[in-house]
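Reviewing the structure listed below.
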Amino acid sequence: MTATERSATGRVTETDAGGRIEEVAREIAAAGPSDPDPARDPVNQAMINNWVEVIGDANPVYTDPAAAAASVHGELVAPPAMTQVWTMRGLHGVRPPDDPLRRMTDLLDEAGYTSVVATDSAQTYHRYLRPGEHVAASAVLEDVVGPKRTALGEGWFVATRTTWYVGDEAVAEMTFRILKFRPPEAGAAAGDTDGDAASAGREPAGGKRDTGPGRGEAAAATVLRPVVTRDNAFFWEGLRAGELRIQRWGGTLRHPPGPMPPDGDLDAEPDYVVAAGTGTVYSFVVHHHPPVPGKRLPFVLALVELDEGVRVLGQLHGAEPDEVHIGLPVEASFDRIDDDLTLPAWKVRS
Amino acid sequence: MTITVGAELPPLTVEATPTFVVATALATRDFQDVHHDRDAAVARGSRDIFLNILTDTGLVQRFVTDWAGPDALVRSISLRLGVPCYAGDTLTFTGRVDEVDGDEVTVAVSGTDGLGEHVSATVRIEVTA
């Protein structure tokens with residue numbers, strides 16, 4: 001990469017900043033799990049009652065002693081989905097200093113990656129908890145990947161693994177992944193009115209942060225999003241799954257997908273094929289101006305003729321604008337924006 | 001009950017009223033302003049207050065155990081968030097059995113609202129006959 005990036009401490013090259021982030025991430029990961037941090041309260045019936053009431057969960061094993069005694073549990077238990085609730089930090093809570101997510105967040109904030117969205121979480125419950133048990137949570141940095149270009153801005157994916165203990169016994173685990181990203185410049189952020197769906201549903205990691213996620217939510221509101229229709233939904237679903245899907249009407253491929261085949265047969269029903277993903281540049285532009293939300297200028301937009309014969313548009317990565325030419329062999333790549341949106345893209349075939 | 005791959009779960013509809021968004025945020029000890037203060041949520045670029053992720057985990061669990069019964073043991077819940085669920089929207093959960101391996105059943109769950117897919121989840125349960 002050639003761009004120069006600004007950090008809180010001045011201008012540094014991206015490579016230097018990235019190298020430092022990776023180095024500190026290795027240190028944080030090597031430091032291992034944080035000391036188990038106890039929940040405010042033991043697992044208790046009052047909080048369970050509040051929770052099942054609002055969630056609408058009528059499972060009697062959580063609230064009815066007689067039914068619970070007759071169940072597979074033999075006694076009252078807490079809902080597994082409440083596991084994280086026990087160690088939420090409350091209205092004024094802060095993460096302990098050795099919390100790896102706090103350390104990683106501080107580091108990335110300093111480097112200018114000030115915004116955050118969560119991407120996914122996976123919880124495993126080794127056993128059910130019982131009222132009276134007191135859990136403590138310990139977290140370890142599992143994985144840091146970056147810098148990645150996303151439509152939200154350049155960022156780092158940070159995964160932590162939290163283990164809940166009762167005494168020495170691990171009772172539940174969670175992997176939580178966030179994207180810490182650098183919000184695009186304000187000047188590049190204008191022009192989209194319906195993109196607020198992008199990030200507002202996502203959660204700052206762990207539900208609590210010391211720095212506000214507001215800038216990230218504002219930035220995500222600027223991502224240009226496609227109009228997904230009944231006719232093209234399969235295409236966008238395919239991209240999310242890492243497949244470049246091309247609409248097929250009998251023996252004829254059509255792209256972009258449409259509501260009817262080229263011959264206008266209103267009774268025809270389409271399906272799709274998954275393209276091999278290889279092709280050549282049929283035409284391209286180098287976009288210098290105006291700014292596009294989530295893109296660093298200039299960038300190359302290529303119309304690629306697939307080996308299957310249809311042409312598909314996408315940003316071309318991995319080549320300087322003056323290296324691009326018609327006939328350049330490329331292969332499909334996938335620009336993941338968030339959980340909902342992955343854009344088609346290209347990279348130079350080696 | 002006999003659980004077979006491909007079986008569809010009865011859909012569950014949840015009205016995400018402002019009261020529901022606030023009540024669930026507090027019951028999950030999540031005091032982030034975007035879950036109870038509309039002005040703050042709007043100032044941060046959202047249309048309104050919106051549901052928190054701990055509630056999604058809870059609703060997904062409820063959706064599966066409502067179907068599987070009180071003796072089903074929930075072993076894992078993995079979820080990916082999509083569009084937000086703003087106050088005033090309606091969430092509809094659908095699900096199907098993806099895998100049955102002895103007592104272990106894997107269910108794929110999708111929660112959609114007026115904006116699209118809000119959450120997609122995979123829930124692993126253990127069902128002893």
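Going through the structure tokens in order, the chains are called A, B, and so on, while each chain numbers its residues from 1 and the ligands are numbered from 1 in the order shown.
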
For Glu320 (chain A), work out the shell of residues within 12 Å, counting only C-alpha atoms and skipping chain neighbours fewer than 3 positions away, then give it as a JSON list (two decimals) with C-alpha atoms, in the first residue's frame.
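The resulting file, selection.json, is reproduced below:
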[["chain", "number", "residue", "atom", "x", "y", "z"],
["A", 1, "MET", "CA", 0.00, 0.00, 0.00],
["A", 2, "THR", "CA", 1.17, 3.46, -0.74],
["A", 286, "VAL", "CA", -9.91, 4.95, -12.87],
["A", 297, "LEU", "CA", -9.21, 7.62, -4.26],
["A", 298, "PRO", "CA", -8.21, 6.83, -6.89],
["A", 299, "PHE", "CA", -9.63, 3.35, -7.42],
["A", 300, "VAL", "CA", -10.13, 1.11, -10.43],
["A", 301, "LEU", "CA", -13.60, -0.02, -11.44],
["A", 316, "LEU", "CA", -10.18, -4.13, -9.02],
["A", 317, "HIS", "CA", -7.70, -4.62, -6.19],
["A", 323, "GLU", "CA", -0.86, -1.24, -14.54],
["A", 324, "VAL", "CA", -4.43, -2.04, -15.56],
["A", 325, "HIS", "CA", -5.13, -2.82, -19.20],
["A", 347, "LYS", "CA", -7.98, -9.11, -8.05],
["A", 348, "VAL", "CA", -5.20, -9.63, -10.55]]

(request) Could you give me, as a PyMOL selection string, the residues within 7 Å of region 68-81 of chain B, counting only C-alpha atoms and dropping anything in the same chain fewer than 2 positions from it? (result) (chain A and resi 59-61+71-72+80+119-126+202+339) or (chain B and resi 64-66+83+118-127)

(request) Report as a ChimeraX atom specification: the residues of chain B with a DSSP assignment of helix (DSSP H, G or I), based on the backbone of this structure. (result) /B:18-27,33-35,38-43,53-68

(message) Would you pick out the contacts of Asn49 (chain A) at 9 Å or less, using only C-alpha atoms, so that residues sharing its chain but fewer than 5 positions from it are not included, and give the list as a ChimeraX atom specification?
(response) /A:44,54,62-63

Residues as selected, C-alpha atoms, written as a short mmCIF file (atom, residue, chain, number, x, y, z; two decimals), in the first residue's frame, can you do that?
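So out-v7.cif came out as:
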data_model
loop_
_atom_site.label_atom_id
_atom_site.label_comp_id
_atom_site.auth_asym_id
_atom_site.auth_seq_id
_atom_site.Cartn_x
_atom_site.Cartn_y
_atom_site.Cartn_z
CA ASN A 44 -30.32 -15.34 41.13
CA VAL A 54 -39.42 -9.59 29.05
CA TYR A 62 -36.33 -21.47 34.94
CA THR A 63 -39.15 -20.42 37.25
#

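Minimum atom-to-atom distances from A:Ala159, A:Leu179, A:Met47, A:Ile28 to Asp99 (chain A) were compared using only C-alpha atoms, and the lowest value belongs to A:Ile28.
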
(request) Using only C-alpha atoms, find the one residue out of A:Val145, A:Ala139, A:Leu303, A:Leu244 that sits nearest to Ala276 (chain A). (result)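 Ranked by minimum distance to Ala276 (chain A), first place goes to A:Leu244.
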
(message) Show me, as a PyMOL selection string, the residues that have an atom within 12 Å of Val21 (chain B) when counting only C-alpha atoms, minus same-chain residues fewer than 4 positions from it.
(response) (chain A and resi 54-55) or (chain B and resi 14-17+25-28+30-38+48-56+84-91)

(message) DSSP on the backbone, strand (DSSP E) only: what residues of region 52-293 of chain A does that give? Format it as a PyMOL selection string.
(response) chain A and resi 115-125+135-150+153-166+169-181+245-249+252-254+271-274+278-287

Neighbouring residues of Asp263 (chain A) were defined as those with any atom within 12 Å, considering only C-alpha atoms; residues of the same chain fewer than 6 positions away were excluded. Please report them as a PDB file with N, CA and C atoms, in the first residue's frame.
ATOM      1  N   TRP A 249     -31.272 -18.617 -17.642  1.00  0.00           N
ATOM      2  CA  TRP A 249     -32.600 -18.898 -18.190  1.00  0.00           C
ATOM      3  C   TRP A 249     -32.419 -20.025 -19.191  1.00  0.00           C
ATOM      4  N   GLY A 250     -32.686 -21.256 -18.775  1.00  0.00           N
ATOM      5  CA  GLY A 250     -32.427 -22.383 -19.663  1.00  0.00           C
ATOM      6  C   GLY A 250     -30.931 -22.441 -19.941  1.00  0.00           C
ATOM      7  N   GLY A 251     -30.556 -22.236 -21.203  1.00  0.00           N
ATOM      8  CA  GLY A 251     -29.134 -22.302 -21.547  1.00  0.00           C
ATOM      9  C   GLY A 251     -28.482 -20.934 -21.639  1.00  0.00           C
ATOM     10  N   THR A 252     -29.215 -19.889 -21.272  1.00  0.00           N
ATOM     11  CA  THR A 252     -28.700 -18.532 -21.474  1.00  0.00           C
ATOM     12  C   THR A 252     -28.386 -17.870 -20.146  1.00  0.00           C
ATOM     13  N   ARG A 254     -27.576 -14.484 -17.937  1.00  0.00           N
ATOM     14  CA  ARG A 254     -27.909 -13.067 -18.012  1.00  0.00           C
ATOM     15  C   ARG A 254     -27.329 -12.347 -16.804  1.00  0.00           C
TER      16      ARG A 254
END

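For Arg248 (chain A), the non-local neighbours within 7 Å, defined as residues at least 6 positions apart in the same chain or in other chains and counting only C-alpha atoms, are Arg254, Pro270, Asp271, Tyr272 and Val273 of chain A.
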
(message) So the first atom is CA of Val109 (chain B) and the second is CA of Val60 (chain B); what is the distance between them in Å, to one decimal place?
(response) 7.3 Å

(message) Quick one: residues within 9 Å of Phe63 (chain B), only C-alpha atoms, excluding same-chain residues fewer than 2 positions away - as a ChimeraX atom specification?
(response) /A:57 /B:9-12,58-61,65-68,93-95,109

(request) Tell me, in Å to one decimal, how far CA of Pro257 (chain A) is from CA of Phe235 (chain A). (result) 8.0 Å

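Distance annotation: of A:Phe176, A:Tyr128, A:Phe157, A:Trp236, the residue with the minimal separation from Val77 (chain A) is A:Tyr128; atom set is only C-alpha atoms.
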